[in-house]
Every structure is written in C-alpha cells, then in structure tokens.
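Data file: input.txt. Format and content: compact mmCIF, C-alpha atoms and all ligand atoms.
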```txt
# COMPACT_ATOMS: atom_id res chain seq x y z
CA MET C 770 -31.93 -71.66 24.77
CA VAL C 771 -34.63 -69.65 26.53
CA ASN C 772 -37.14 -68.39 23.98
CA ILE C 773 -38.59 -64.96 24.71
CA ASP C 774 -40.94 -63.45 22.16
CA VAL C 775 -41.67 -59.77 22.14
CA GLY C 776 -43.61 -57.47 19.81
CA VAL C 777 -42.24 -53.99 19.09
CA ASP C 778 -44.16 -51.16 17.44
CA LEU C 779 -41.26 -48.86 16.60
CA GLY C 780 -43.32 -45.82 15.64
CA THR C 781 -42.50 -42.27 14.56
CA ASP C 782 -44.04 -40.91 17.76
CA SER C 783 -43.71 -43.73 20.25
CA VAL C 784 -42.33 -47.19 20.87
CA ILE C 785 -44.80 -49.70 22.29
CA ILE C 786 -43.66 -53.14 23.45
CA TYR C 787 -46.07 -56.02 24.01
CA MET C 788 -45.37 -59.43 25.50
CA GLU C 789 -47.78 -62.33 25.48
CA GLY C 790 -48.97 -62.97 29.04
CA LYS C 791 -47.71 -59.59 30.30
CA GLY C 792 -49.48 -57.14 28.00
CA ILE C 793 -48.05 -53.70 27.17
CA THR C 794 -44.72 -53.60 29.00
CA LEU C 795 -43.40 -50.29 27.64
CA SER C 796 -44.81 -47.21 25.96
CA GLN C 797 -42.43 -44.29 25.52
CA PRO C 798 -41.72 -41.51 23.01
CA SER C 799 -39.33 -42.36 20.12
CA ILE C 800 -36.81 -39.70 21.11
CA VAL C 801 -33.11 -39.65 21.94
CA ALA C 802 -31.20 -36.68 23.42
CA TYR C 803 -27.57 -36.52 22.26
CA ASP C 804 -24.93 -34.24 23.81
CA GLU C 805 -22.76 -33.03 20.91
CA LYS C 806 -20.09 -31.63 23.27
CA LYS C 807 -19.60 -34.86 25.21
CA GLU C 808 -20.52 -36.99 22.17
CA LYS C 809 -22.84 -39.23 24.13
CA VAL C 810 -26.51 -40.02 24.55
CA VAL C 811 -27.88 -38.28 27.65
CA ALA C 812 -31.55 -39.30 27.67
CA VAL C 813 -33.89 -41.72 25.90
CA GLY C 814 -37.70 -41.91 25.68
CA SER C 815 -39.78 -39.92 28.20
CA ALA C 816 -36.69 -38.23 29.70
CA ALA C 817 -35.64 -37.02 26.24
CA PHE C 818 -39.22 -35.92 25.45
CA ASP C 819 -39.18 -33.62 28.50
CA MET C 820 -36.16 -31.86 26.96
CA LEU C 821 -37.91 -31.28 23.62
CA GLY C 822 -37.93 -27.56 22.77
CA LYS C 823 -36.25 -26.71 26.09
CA ALA C 824 -32.71 -28.14 25.88
CA PRO C 825 -29.52 -26.07 25.33
CA PRO C 826 -28.36 -25.93 21.67
CA TYR C 827 -25.58 -28.51 22.03
CA ILE C 828 -28.12 -31.16 23.09
CA LYS C 829 -29.58 -32.56 19.88
CA ILE C 830 -33.06 -34.01 20.28
CA VAL C 831 -33.38 -36.73 17.66
CA ARG C 832 -36.43 -38.60 16.42
CA PRO C 833 -34.83 -41.63 14.70
CA LEU C 834 -37.97 -42.37 12.67
CA GLU C 835 -39.59 -40.19 10.04
CA ASN C 836 -42.90 -40.98 8.36
CA GLY C 837 -42.79 -44.52 9.74
CA SER C 838 -39.30 -45.37 8.42
CA ILE C 839 -35.91 -45.33 10.14
CA SER C 840 -34.06 -42.14 9.24
CA ASP C 841 -31.24 -42.29 11.83
CA PHE C 842 -29.89 -45.86 12.12
CA LYS C 843 -27.50 -45.28 15.01
CA MET C 844 -30.08 -43.49 17.18
CA ALA C 845 -32.79 -46.04 16.32
CA GLU C 846 -30.46 -48.78 17.59
CA VAL C 847 -29.71 -46.82 20.79
CA LEU C 848 -33.44 -46.28 21.33
CA LEU C 849 -34.40 -49.91 20.81
CA ARG C 850 -31.51 -51.32 22.83
CA SER C 851 -32.37 -49.01 25.72
CA PHE C 852 -36.05 -50.04 25.69
CA LEU C 853 -35.34 -53.79 25.33
CA THR C 854 -32.92 -53.52 28.27
CA LYS C 855 -35.61 -51.70 30.29
CA VAL C 856 -38.12 -54.49 29.59
CA PHE C 857 -35.78 -57.43 30.23
CA GLY C 858 -33.38 -55.97 32.81
CA ASN C 859 -30.46 -57.15 30.66
CA LEU C 860 -30.06 -58.75 27.25
CA PHE C 861 -28.35 -61.92 28.48
CA PHE C 862 -31.02 -63.99 26.73
CA LYS C 863 -31.52 -62.33 23.40
CA PRO C 864 -35.24 -62.02 22.60
CA SER C 865 -36.95 -62.96 19.38
CA VAL C 866 -38.44 -59.67 18.19
CA ALA C 867 -41.44 -59.12 15.93
CA MET C 868 -41.63 -55.63 14.47
CA CYS C 869 -44.31 -53.95 12.45
CA VAL C 870 -43.40 -51.93 9.36
CA PRO C 871 -45.46 -49.57 7.20
CA SER C 872 -47.08 -51.11 4.12
CA SER C 873 -45.34 -50.45 0.85
CA ILE C 874 -41.91 -49.62 2.26
CA THR C 875 -38.88 -50.42 0.11
CA GLY C 876 -36.63 -53.45 0.54
CA ILE C 877 -33.88 -51.17 1.85
CA GLU C 878 -36.23 -49.73 4.48
CA ARG C 879 -37.24 -53.25 5.56
CA THR C 880 -33.58 -54.24 5.84
CA ALA C 881 -33.02 -51.16 8.04
CA PHE C 882 -35.60 -52.45 10.56
CA ILE C 883 -34.00 -55.92 10.60
CA THR C 884 -30.44 -54.60 10.96
CA THR C 885 -31.46 -52.18 13.71
CA ALA C 886 -33.23 -54.87 15.74
CA LEU C 887 -30.33 -57.33 15.41
CA ALA C 888 -27.84 -54.61 16.38
CA ALA C 889 -30.04 -53.64 19.35
CA GLY C 890 -29.87 -57.17 20.78
CA ALA C 891 -32.51 -59.27 19.02
CA ARG C 892 -31.70 -62.90 18.28
CA LYS C 893 -34.25 -63.17 15.51
CA VAL C 894 -36.42 -60.58 13.78
CA THR C 895 -39.85 -61.04 12.25
CA LEU C 896 -41.38 -58.22 10.22
CA ILE C 897 -45.11 -57.83 9.83
CA GLU C 898 -47.00 -55.14 7.95
CA ALA C 899 -48.63 -52.71 10.40
CA PRO C 900 -52.24 -53.04 9.14
CA LEU C 901 -52.01 -56.85 9.29
CA ALA C 902 -50.69 -56.56 12.86
CA ALA C 903 -53.55 -54.16 13.61
CA ALA C 904 -56.06 -56.71 12.26
CA ILE C 905 -54.62 -59.43 14.51
CA GLY C 906 -54.58 -56.99 17.45
CA CYS C 907 -58.23 -56.10 16.85
CA GLY C 908 -59.25 -59.76 16.88
CA ILE C 909 -60.45 -59.68 13.25
CA ASP C 910 -60.72 -63.08 11.60
CA PHE C 911 -57.86 -62.32 9.18
CA LYS C 912 -57.74 -65.95 7.97
CA ALA C 913 -61.23 -65.79 6.50
CA CYS C 914 -61.58 -65.42 2.76
CA LYS C 915 -63.33 -62.11 3.31
CA GLY C 916 -62.06 -58.59 2.75
CA ASN C 917 -61.38 -56.29 5.69
CA MET C 918 -59.99 -52.80 5.38
CA ILE C 919 -57.72 -51.44 8.12
CA VAL C 920 -56.54 -47.83 8.30
CA ASP C 921 -53.82 -47.20 10.88
CA ILE C 922 -53.43 -43.45 11.39
CA GLY C 923 -50.15 -42.83 13.20
CA ALA C 924 -48.03 -39.75 13.73
CA GLY C 925 -46.02 -39.72 10.50
CA SER C 926 -47.77 -42.29 8.35
CA THR C 927 -51.21 -43.64 7.57
CA ASP C 928 -51.20 -47.29 6.59
CA ILE C 929 -54.15 -48.56 4.63
CA ALA C 930 -54.60 -52.20 3.70
CA VAL C 931 -57.16 -54.67 2.47
CA ILE C 932 -56.68 -57.99 4.22
CA SER C 933 -58.11 -61.33 3.22
CA PHE C 934 -57.13 -64.98 3.66
CA GLY C 935 -54.25 -64.25 6.08
CA GLY C 936 -52.48 -61.73 3.88
CA VAL C 937 -52.39 -58.18 2.62
CA VAL C 938 -54.13 -58.05 -0.76
CA ASN C 939 -53.55 -54.37 -1.41
CA SER C 940 -51.98 -51.62 0.59
CA ARG C 941 -50.62 -48.12 0.52
CA SER C 942 -48.87 -45.88 2.96
CA GLU C 943 -49.57 -42.15 2.95
CA ARG C 944 -46.85 -40.08 4.59
CA THR C 945 -49.19 -38.08 6.79
CA GLY C 946 -50.86 -38.37 10.20
CA GLY C 947 -50.98 -36.70 13.61
CA TYR C 948 -47.77 -34.70 13.13
CA ASP C 949 -49.09 -32.96 10.02
CA MET C 950 -52.19 -32.03 12.04
CA ASP C 951 -49.93 -30.45 14.70
CA GLU C 952 -48.10 -28.52 11.97
CA ALA C 953 -51.41 -27.41 10.46
CA ILE C 954 -52.53 -26.07 13.87
CA LYS C 955 -49.20 -24.25 14.31
CA ASP C 956 -49.54 -22.61 10.87
CA TYR C 957 -53.19 -21.67 11.51
CA VAL C 958 -52.37 -20.05 14.86
CA LEU C 959 -49.51 -18.05 13.34
CA LYS C 960 -51.67 -16.86 10.43
CA GLU C 961 -54.88 -16.11 12.34
CA LYS C 962 -53.64 -15.22 15.82
CA LYS C 963 -50.09 -14.00 15.09
CA LEU C 964 -48.70 -16.38 17.70
CA TYR C 965 -45.78 -18.78 17.36
CA ILE C 966 -46.43 -22.03 19.23
CA GLY C 967 -44.36 -25.19 19.59
CA GLN C 968 -45.33 -28.71 18.47
CA LYS C 969 -46.04 -29.81 22.05
CA THR C 970 -48.58 -26.97 22.48
CA ALA C 971 -50.23 -27.72 19.13
CA GLU C 972 -50.47 -31.43 19.98
CA ALA C 973 -51.95 -30.70 23.42
CA ALA C 974 -54.63 -28.47 21.83
CA LYS C 975 -55.38 -31.20 19.27
CA ILE C 976 -55.76 -33.91 21.92
CA LYS C 977 -57.89 -31.67 24.14
CA ALA C 978 -60.18 -30.07 21.61
CA ALA C 979 -59.92 -31.44 18.04
CA ALA C 980 -63.08 -32.64 16.30
CA LEU C 981 -63.71 -33.20 12.60
CA THR C 982 -67.51 -33.32 12.70
CA ASN C 983 -69.96 -30.95 14.42
CA PRO C 984 -67.21 -28.81 15.98
CA SER C 985 -68.27 -26.41 18.72
CA GLN C 986 -67.31 -22.76 19.25
CA LYS C 987 -67.64 -23.34 22.99
CA ILE C 988 -64.94 -26.02 23.33
CA THR C 989 -61.55 -24.33 23.43
CA ALA C 990 -57.87 -24.86 24.21
CA GLU C 991 -55.41 -22.32 25.57
CA LEU C 992 -52.22 -21.68 23.63
CA LYS C 993 -49.04 -20.15 25.04
CA GLY C 994 -46.18 -19.02 22.84
CA LEU C 995 -44.45 -16.00 21.34
CA SER C 996 -46.30 -13.08 19.80
CA ALA C 997 -45.32 -12.46 16.16
CA LYS C 998 -46.32 -8.80 16.65
CA THR C 999 -44.45 -7.88 19.82
CA GLY C 1000 -41.82 -10.63 20.07
CA LEU C 1001 -42.93 -11.19 23.66
CA PRO C 1002 -44.54 -14.16 25.46
CA ALA C 1003 -48.27 -14.22 24.78
CA SER C 1004 -51.31 -16.48 24.89
CA ALA C 1005 -54.44 -17.04 22.82
CA VAL C 1006 -57.46 -19.30 22.72
CA ILE C 1007 -58.37 -21.62 19.84
CA THR C 1008 -61.87 -23.03 19.40
CA GLN C 1009 -62.79 -26.52 18.25
CA THR C 1010 -64.23 -24.99 15.08
CA GLU C 1011 -60.88 -23.35 14.30
CA ILE C 1012 -58.93 -26.57 14.95
CA CYS C 1013 -61.38 -28.38 12.66
CA GLU C 1014 -60.68 -25.83 9.90
CA ALA C 1015 -56.92 -26.23 10.39
CA ILE C 1016 -56.80 -30.04 10.32
CA THR C 1017 -59.49 -30.74 7.71
CA PRO C 1018 -56.99 -30.73 4.77
CA ILE C 1019 -55.01 -33.53 6.47
CA ALA C 1020 -58.17 -35.56 7.07
CA GLU C 1021 -59.14 -34.99 3.40
CA ARG C 1022 -55.73 -36.37 2.37
CA ILE C 1023 -56.27 -39.48 4.49
CA SER C 1024 -59.77 -39.96 3.11
CA ALA C 1025 -58.49 -39.53 -0.49
CA ALA C 1026 -55.77 -42.14 0.15
CA VAL C 1027 -58.40 -44.63 1.35
CA HIS C 1028 -60.50 -43.81 -1.74
CA SER C 1029 -57.53 -44.47 -4.04
CA LEU C 1030 -56.97 -47.92 -2.51
CA PHE C 1031 -60.61 -48.83 -3.20
CA GLU C 1032 -60.04 -48.00 -6.86
CA VAL C 1033 -57.42 -50.75 -7.19
CA THR C 1034 -59.15 -53.36 -5.01
CA PRO C 1035 -61.00 -56.28 -6.68
CA PRO C 1036 -64.80 -55.62 -6.62
CA ASP C 1037 -65.59 -58.79 -4.65
CA LEU C 1038 -63.40 -57.52 -1.82
CA THR C 1039 -64.84 -53.98 -1.94
CA GLY C 1040 -68.26 -55.65 -1.65
CA ASP C 1041 -67.07 -57.39 1.54
CA ILE C 1042 -65.82 -54.08 2.96
CA LEU C 1043 -69.23 -52.53 2.33
CA GLU C 1044 -70.51 -55.18 4.76
CA THR C 1045 -67.66 -55.20 7.29
CA GLY C 1046 -66.89 -51.47 7.21
CA ILE C 1047 -63.50 -49.76 7.58
CA ILE C 1048 -61.61 -50.25 10.85
CA LEU C 1049 -59.52 -47.36 12.21
CA THR C 1050 -56.53 -47.86 14.52
CA GLY C 1051 -53.52 -45.72 15.56
CA GLY C 1052 -53.17 -42.75 17.88
CA ALA C 1053 -54.60 -40.18 15.48
CA ALA C 1054 -57.74 -42.31 14.99
CA GLN C 1055 -58.72 -40.80 18.35
CA ILE C 1056 -59.52 -37.44 16.75
CA ARG C 1057 -63.21 -37.00 17.48
CA GLY C 1058 -65.42 -37.51 14.45
CA ILE C 1059 -62.71 -38.80 12.09
CA ASP C 1060 -64.83 -41.94 11.58
CA SER C 1061 -67.89 -40.05 10.36
CA PHE C 1062 -65.67 -37.64 8.37
CA ILE C 1063 -64.36 -40.56 6.28
CA SER C 1064 -67.69 -42.39 6.26
CA VAL C 1065 -69.57 -39.42 4.77
CA ARG C 1066 -66.98 -39.01 1.99
CA LEU C 1067 -66.73 -42.70 1.02
CA GLY C 1068 -70.23 -43.97 1.81
CA VAL C 1069 -68.87 -46.88 3.87
CA ASP C 1070 -69.27 -47.52 7.61
CA VAL C 1071 -66.15 -46.57 9.59
CA LYS C 1072 -65.42 -47.73 13.12
CA VAL C 1073 -62.66 -46.73 15.56
CA VAL C 1074 -61.63 -49.75 17.65
CA GLU C 1075 -61.34 -49.59 21.41
CA ASP C 1076 -57.83 -48.55 22.56
CA PRO C 1077 -56.67 -47.80 18.97
CA LEU C 1078 -53.19 -46.66 20.07
CA HIS C 1079 -52.11 -50.14 21.20
CA ARG C 1080 -53.74 -52.44 18.60
CA VAL C 1081 -50.70 -52.64 16.28
CA ALA C 1082 -48.33 -53.48 19.16
CA VAL C 1083 -50.73 -56.14 20.50
CA GLY C 1084 -51.04 -57.72 17.04
CA THR C 1085 -47.27 -57.59 16.53
CA GLY C 1086 -46.68 -59.32 19.87
CA THR C 1087 -49.21 -62.05 19.12
CA CYS C 1088 -48.22 -62.66 15.49
CA PHE C 1089 -45.90 -65.54 16.53
CA LYS C 1090 -48.99 -67.54 17.47
CA ALA C 1091 -50.70 -66.68 14.19
CA ALA C 1092 -47.62 -67.35 12.01
CA ASP C 1093 -48.96 -70.56 10.45
CA ASP C 1094 -52.02 -68.72 9.17
CA LEU C 1095 -50.18 -65.79 7.67
CA ILE C 1096 -49.19 -65.53 4.04
CA ASP C 1097 -45.38 -65.44 3.69
CA ALA C 1098 -45.14 -62.19 1.74
CA SER C 1099 -46.76 -60.34 4.64
CA PHE C 1100 -44.50 -61.95 7.15
CA GLU C 1101 -40.72 -62.07 6.86
CA GLU C 1102 -38.09 -63.53 9.15
CA ALA C 1103 -34.37 -62.99 9.57
CA GLY C 1104 -32.00 -64.00 12.31
CA ILE C 1105 -28.57 -65.00 13.48
N1 LIG K 1201 -56.38 -38.64 22.25
C1 LIG K 1201 -55.81 -38.30 21.10
N2 LIG K 1201 -56.47 -37.52 20.21
C2 LIG K 1201 -55.90 -37.19 19.03
N3 LIG K 1201 -54.67 -37.56 18.64
C3 LIG K 1201 -53.97 -38.34 19.48
C4 LIG K 1201 -54.49 -38.75 20.74
N4 LIG K 1201 -53.55 -39.50 21.37
C5 LIG K 1201 -52.50 -39.57 20.53
N5 LIG K 1201 -52.73 -38.86 19.41
C6 LIG K 1201 -51.83 -38.66 18.26
O1 LIG K 1201 -51.50 -39.92 17.71
C7 LIG K 1201 -50.20 -39.85 17.11
C8 LIG K 1201 -49.38 -41.03 17.60
O2 LIG K 1201 -50.01 -42.20 17.18
P1 LIG K 1201 -49.22 -43.58 17.08
O3 LIG K 1201 -48.57 -43.88 18.37
O4 LIG K 1201 -50.15 -44.56 16.49
O5 LIG K 1201 -48.07 -43.16 16.03
P2 LIG K 1201 -46.75 -43.95 15.69
O6 LIG K 1201 -47.06 -45.40 15.58
O7 LIG K 1201 -45.68 -43.58 16.63
O8 LIG K 1201 -46.41 -43.31 14.27
P3 LIG K 1201 -46.29 -44.02 12.84
O9 LIG K 1201 -47.25 -45.14 12.81
O10 LIG K 1201 -46.63 -42.92 11.87
O11 LIG K 1201 -44.86 -44.43 12.72
C9 LIG K 1201 -49.58 -38.51 17.54
O12 LIG K 1201 -49.63 -37.60 16.45
C10 LIG K 1201 -50.51 -38.06 18.68
O13 LIG K 1201 -50.60 -36.65 18.77
MG MG K 1202 -47.71 -46.67 14.09
```
With the file now loaded, output its structure as structure tokens.
Amino acid sequence: MVNIDVGVDLGTDSVIIYMEGKGITLSQPSIVAYDEKKEKVVAVGSAAFDMLGKAPPYIKIVRPLENGSISDFKMAEVLLRSFLTKVFGNLFFKPSVAMCVPSSITGIERTAFITTALAAGARKVTLIEAPLAAAIGCGIDFKACKGNMIVDIGAGSTDIAVISFGGVVNSRSERTGGYDMDEAIKDYVLKEKKLYIGQKTAEAAKIKAAALTNPSQKITAELKGLSAKTGLPASAVITQTEICEAITPIAERISAAVHSLFEVTPPDLTGDILETGIILTGGAAQIRGIDSFISVRLGVDVKVVEDPLHRVAVGTGTCFKAADDLIDASFEEAGI
C-alpha cells in the first residue's frame, strides 16, 4: 500500500496542512457554508469565509471548531474531507494523518478528532499535543532532558506546555485567544464610538494596528459599520492606544495562565525555562509587543518564533519522523 503521511492543524480559525518534502500545501479558514433550504453544503474554506456576515439567512455559516475542540462533528468531517481531497486530488490512497489537539482536552474530545479524521478519509490517525508539535516545528531539541515552555496562542485557545525529554510534563489550555481580542475590540468600539462593527472589521483593525507595548496615538485603523445612534452606515477611526486598552484584559488572561502553569512545574524545570525563555507560536503571537507584555509580568525572556502561524502544522507533519523519540502519552495512534 502507498504510504502518504500528512500533518493537519485543524484549528478554530484555519486548517493548515503540511507534507514532508512539499511544505505547507493548504491553508484555509475553518468554515463551511450550509444551505438549509437545499440541505447541502455550498462552500468550504475561503469561499465560505467570503460569505461570512454577507450571506442570506438560509445559508448557515458554520465554524465546526470552538475553542480548539470539535463542536460540529458532521461539518468538521465535511471540512476535512474537502481539504484532503483538494490536497490529494482524490482519496483513492487513504493518507495517514497526524493531527494536533489542544493540551488537556478530554478523552471524548480526543476521540472526536480521531473519528472525524477516519470518517473524512484517513487510513490511520496520530494525535499529538499542539505545544509538542509546535516545539518540533520550531526545531527545539525536545528530546533533551531540559525544560522548554511553549505557548501557542491561537484563535480560540491558548495552549501552554512545559516539554522535556520528548514529552509534555505539564500543560494547560486556556479557552481564549485572537477571537476574544476581536470581540473585545467590537465591544470597545460600540461603547466608546457608538458603532457596531463585524468580526471581520475588528480582526482587520487588530492585524493592522494592534500593539500591547508602547502603543502610538498616530497609528490608526479605519472602521466601517452601523451607527448605534442613527441606525445608518457610519465609520470611525481607532488608534493603536485604544486597541491596546481593549485587548489588554485578554493578554492579562494569557499571561496569568502561563503564570499558573509555572506554579505547578517542578523547580528544576522552571530553572531551565529561566535560561531558555518562553517560546510563543500561533497566529495571535503576531500581536506586536505580546512578547514583552508577558516578559515584564513574569520576569522571563519571551520570544516569538519566525512564522509563528505555521509552526504547529510543520511540527505535526514531521512528527512521524520523531515518533521514536516521543513519549507515548503525548502521542496516540488509532487506525483501521
Ligand atoms: N498578523 C497578525 N497579527 C495579529 N493577529 C493575527 C495575525 N495573523 C493572524 N492573527 C490571528 O491569529 C488567530 C489565528 O491563529 P491560528 O491560526 O494559530 O489559530 P487556530 O489554530 O485556527 O486556532 P486554535 O489554535 O485556537 O484552534 C486569529 O485570531 C487571527 O486574527
Ligand atoms: Mg492552533
């Protein structure tokens, strides 16, 4: 049988697929558009994303993942099957799929990932915890008997783990990330500028102008939406300083979650992390100044890796090679 290995980062915001030798072969939003009248899926990925906030009411725009876990099994299967078919052309030869999962998810949630992948056309499924995948993807020597701390800040979840000797020593998953920042910006704009804006607008402002340290009044983003005063289309401008004020509570929550993991980590490992520093990955790690924000609060060096958005997918796709060096509990296989 032909053996094809593929790594899938099935995230709340996007699905990223990595294949050894080919690199990132797919990166698309985790969205499905379902026509309730015709009872069929009408768009998947980028095409469904374009319909977000703009589709007629009978088209349901579904995000099958919530806070890093599968919340809509059927749509998650449709999404994954569609993307695997896009990557391989057809699923004549069923691929062996490695998938990353948030740390500290329940057994039932893990089973949901396995069942979804098998139903979507995988021959075999390997699960790996997201921070461990991130460590592999960052090229960290995860086999060494030395503590490393990885914080993967995604859209709906922040995964924090201490890794040593090929396994996850301690981990926690905080159900917050980039989406909560978008919501915080939306709430701020409504309260301070009396303007309703959509999530896409809030996210665009965040990506263009967010900063958590030394924000500037001069850097701004334009917002278009609906005036809460007149009920008519309107626009406003938000400064970097205002975005910083809006998203700081979310960054504080992330920083507090990292702090709480230190409290339950053996002192020898925390000593190692003082030397190695904290590594940030994930899309929301790209918020300017989030590294120094956390560093100032915890007194530990914090570094954002290059290309943080793709590190988990790269590590997931290369974990087959590293399998012999990984501790079993962090690495689980199921197949048919
Ligand atoms: N340049 C950027 N600056 C700030 N935030 C960004 C940037 N690019 C992407 N993001 C944010 O990163 C988040 C997506 O990150 P990522 O793809 O790691 O999440 P995910 O893996 O889909 O979610 P999760 O891990 O929670 O399941 C979104 O909230 C997005 O707005
Ligand atoms: Mg992720």
Discussion item. I'd like to know which of C:Val784, C:Ile828, C:Val1006, C:Ile1059 is closest to C:Asp804, using all atoms listed in the file.
Written reply: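 Of C:Val784, C:Ile828, C:Val1006, C:Ile1059, the one nearest C:Asp804 is C:Ile828, counting all atoms listed in the file.
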With stretch 972-989 of chain C as the partner and 10 Å as the cut-off, tabulate the residues of stretch 1058-1085 of chain C that qualify, each row holding the nearest pair of atoms and their distance in Å to one decimal, using all atoms listed in the file, sorted by chain and rising number, as a tab-separated table.
```
residue	atom	partner	partner_atom	distance
C:Gly1058	CA	C:Leu981	CA	5.0
C:Ile1059	CA	C:Leu981	CA	5.7
C:Asp1060	CA	C:Leu981	CA	8.9
C:Ser1061	CA	C:Thr982	CA	7.1
C:Phe1062	CA	C:Thr982	CA	6.4
C:Ile1063	CA	C:Leu981	CA	9.7
```
Worksheet item: When you draw a straight line from atom CA of C:Ile966 to atom CA of C:Thr945, how long is it in Å?
Response: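 Going from atom CA of C:Ile966 over to atom CA of C:Thr945 covers 20.5 Å.
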Worksheet item: Pick the closest to ligand LIG 1201 (chain K) from C:Val894, C:Val958, C:Leu992, C:Met868: which is it, counting only C-alpha atoms and all ligand atoms?
Response: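 Under the stated criterion, the closest residue is C:Met868.
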To check your reading of the model: which residues sit at most 9 Å from ligand MG 1202 (chain K) when counting only C-alpha atoms and all ligand atoms? Write the answer as a short mmCIF file (atom, residue, chain, number, x, y, z; two decimals) with C-alpha atoms, in the coordinates of the input.
```
data_model
loop_
_atom_site.label_atom_id
_atom_site.label_comp_id
_atom_site.auth_asym_id
_atom_site.auth_seq_id
_atom_site.Cartn_x
_atom_site.Cartn_y
_atom_site.Cartn_z
CA ASP C 778 -44.16 -51.16 17.44
CA LEU C 779 -41.26 -48.86 16.60
CA GLY C 780 -43.32 -45.82 15.64
CA THR C 781 -42.50 -42.27 14.56
CA ASP C 782 -44.04 -40.91 17.76
CA SER C 783 -43.71 -43.73 20.25
CA VAL C 784 -42.33 -47.19 20.87
CA GLY C 837 -42.79 -44.52 9.74
CA CYS C 869 -44.31 -53.95 12.45
CA VAL C 870 -43.40 -51.93 9.36
CA PRO C 871 -45.46 -49.57 7.20
CA ALA C 899 -48.63 -52.71 10.40
CA ASP C 921 -53.82 -47.20 10.88
CA ILE C 922 -53.43 -43.45 11.39
CA GLY C 923 -50.15 -42.83 13.20
CA ALA C 924 -48.03 -39.75 13.73
CA GLY C 925 -46.02 -39.72 10.50
CA SER C 926 -47.77 -42.29 8.35
CA THR C 927 -51.21 -43.64 7.57
CA ASP C 928 -51.20 -47.29 6.59
CA THR C 1050 -56.53 -47.86 14.52
CA GLY C 1051 -53.52 -45.72 15.56
CA GLY C 1052 -53.17 -42.75 17.88
CA LEU C 1078 -53.19 -46.66 20.07
CA VAL C 1081 -50.70 -52.64 16.28
CA ALA C 1082 -48.33 -53.48 19.16
#
```
Worksheet item: Using all atoms listed in the file, which of C:Pro1077, C:Gly822, C:Pro1036, C:Gly1086 sits nearest ligand LIG 1201 (chain K)?
Response: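 For ligand LIG 1201 (chain K), the nearest of the candidates is C:Pro1077.
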Worksheet item: Of the candidates C:Ile929, C:Met844, C:Ala1026, C:Leu1038, which shows the shortest atom-to-atom distance to ligand LIG 1201 (chain K), using only C-alpha atoms and all ligand atoms?
Response: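 Comparing C:Ile929, C:Met844, C:Ala1026, C:Leu1038 against ligand LIG 1201 (chain K), the winner is C:Ile929.
Restricting the calculation to all atoms listed in the file, the smallest distance between ligand LIG 1201 (chain K) and any of C:Asp951, C:Asp774, C:Asp841, C:Glu805 is found for C:Asp951.
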Practice prompt. Quote the spacing between atom CA of C:Gly1046 and atom CA of C:Arg941 in Å to one decimal place.
Written response: 17.9 Å
Worksheet entry | For atom CA of C:Cys1013 and atom CA of C:Ala1025, the interatomic separation in Å (one decimal) |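 The value is 17.5 Å.
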Discussion item. Residues within 12 Å of C:Ala1091, please, as a count of residues only. Count all atoms listed in the file; anything in the same chain fewer than 4 positions from it doesn't count.
Written reply: 20
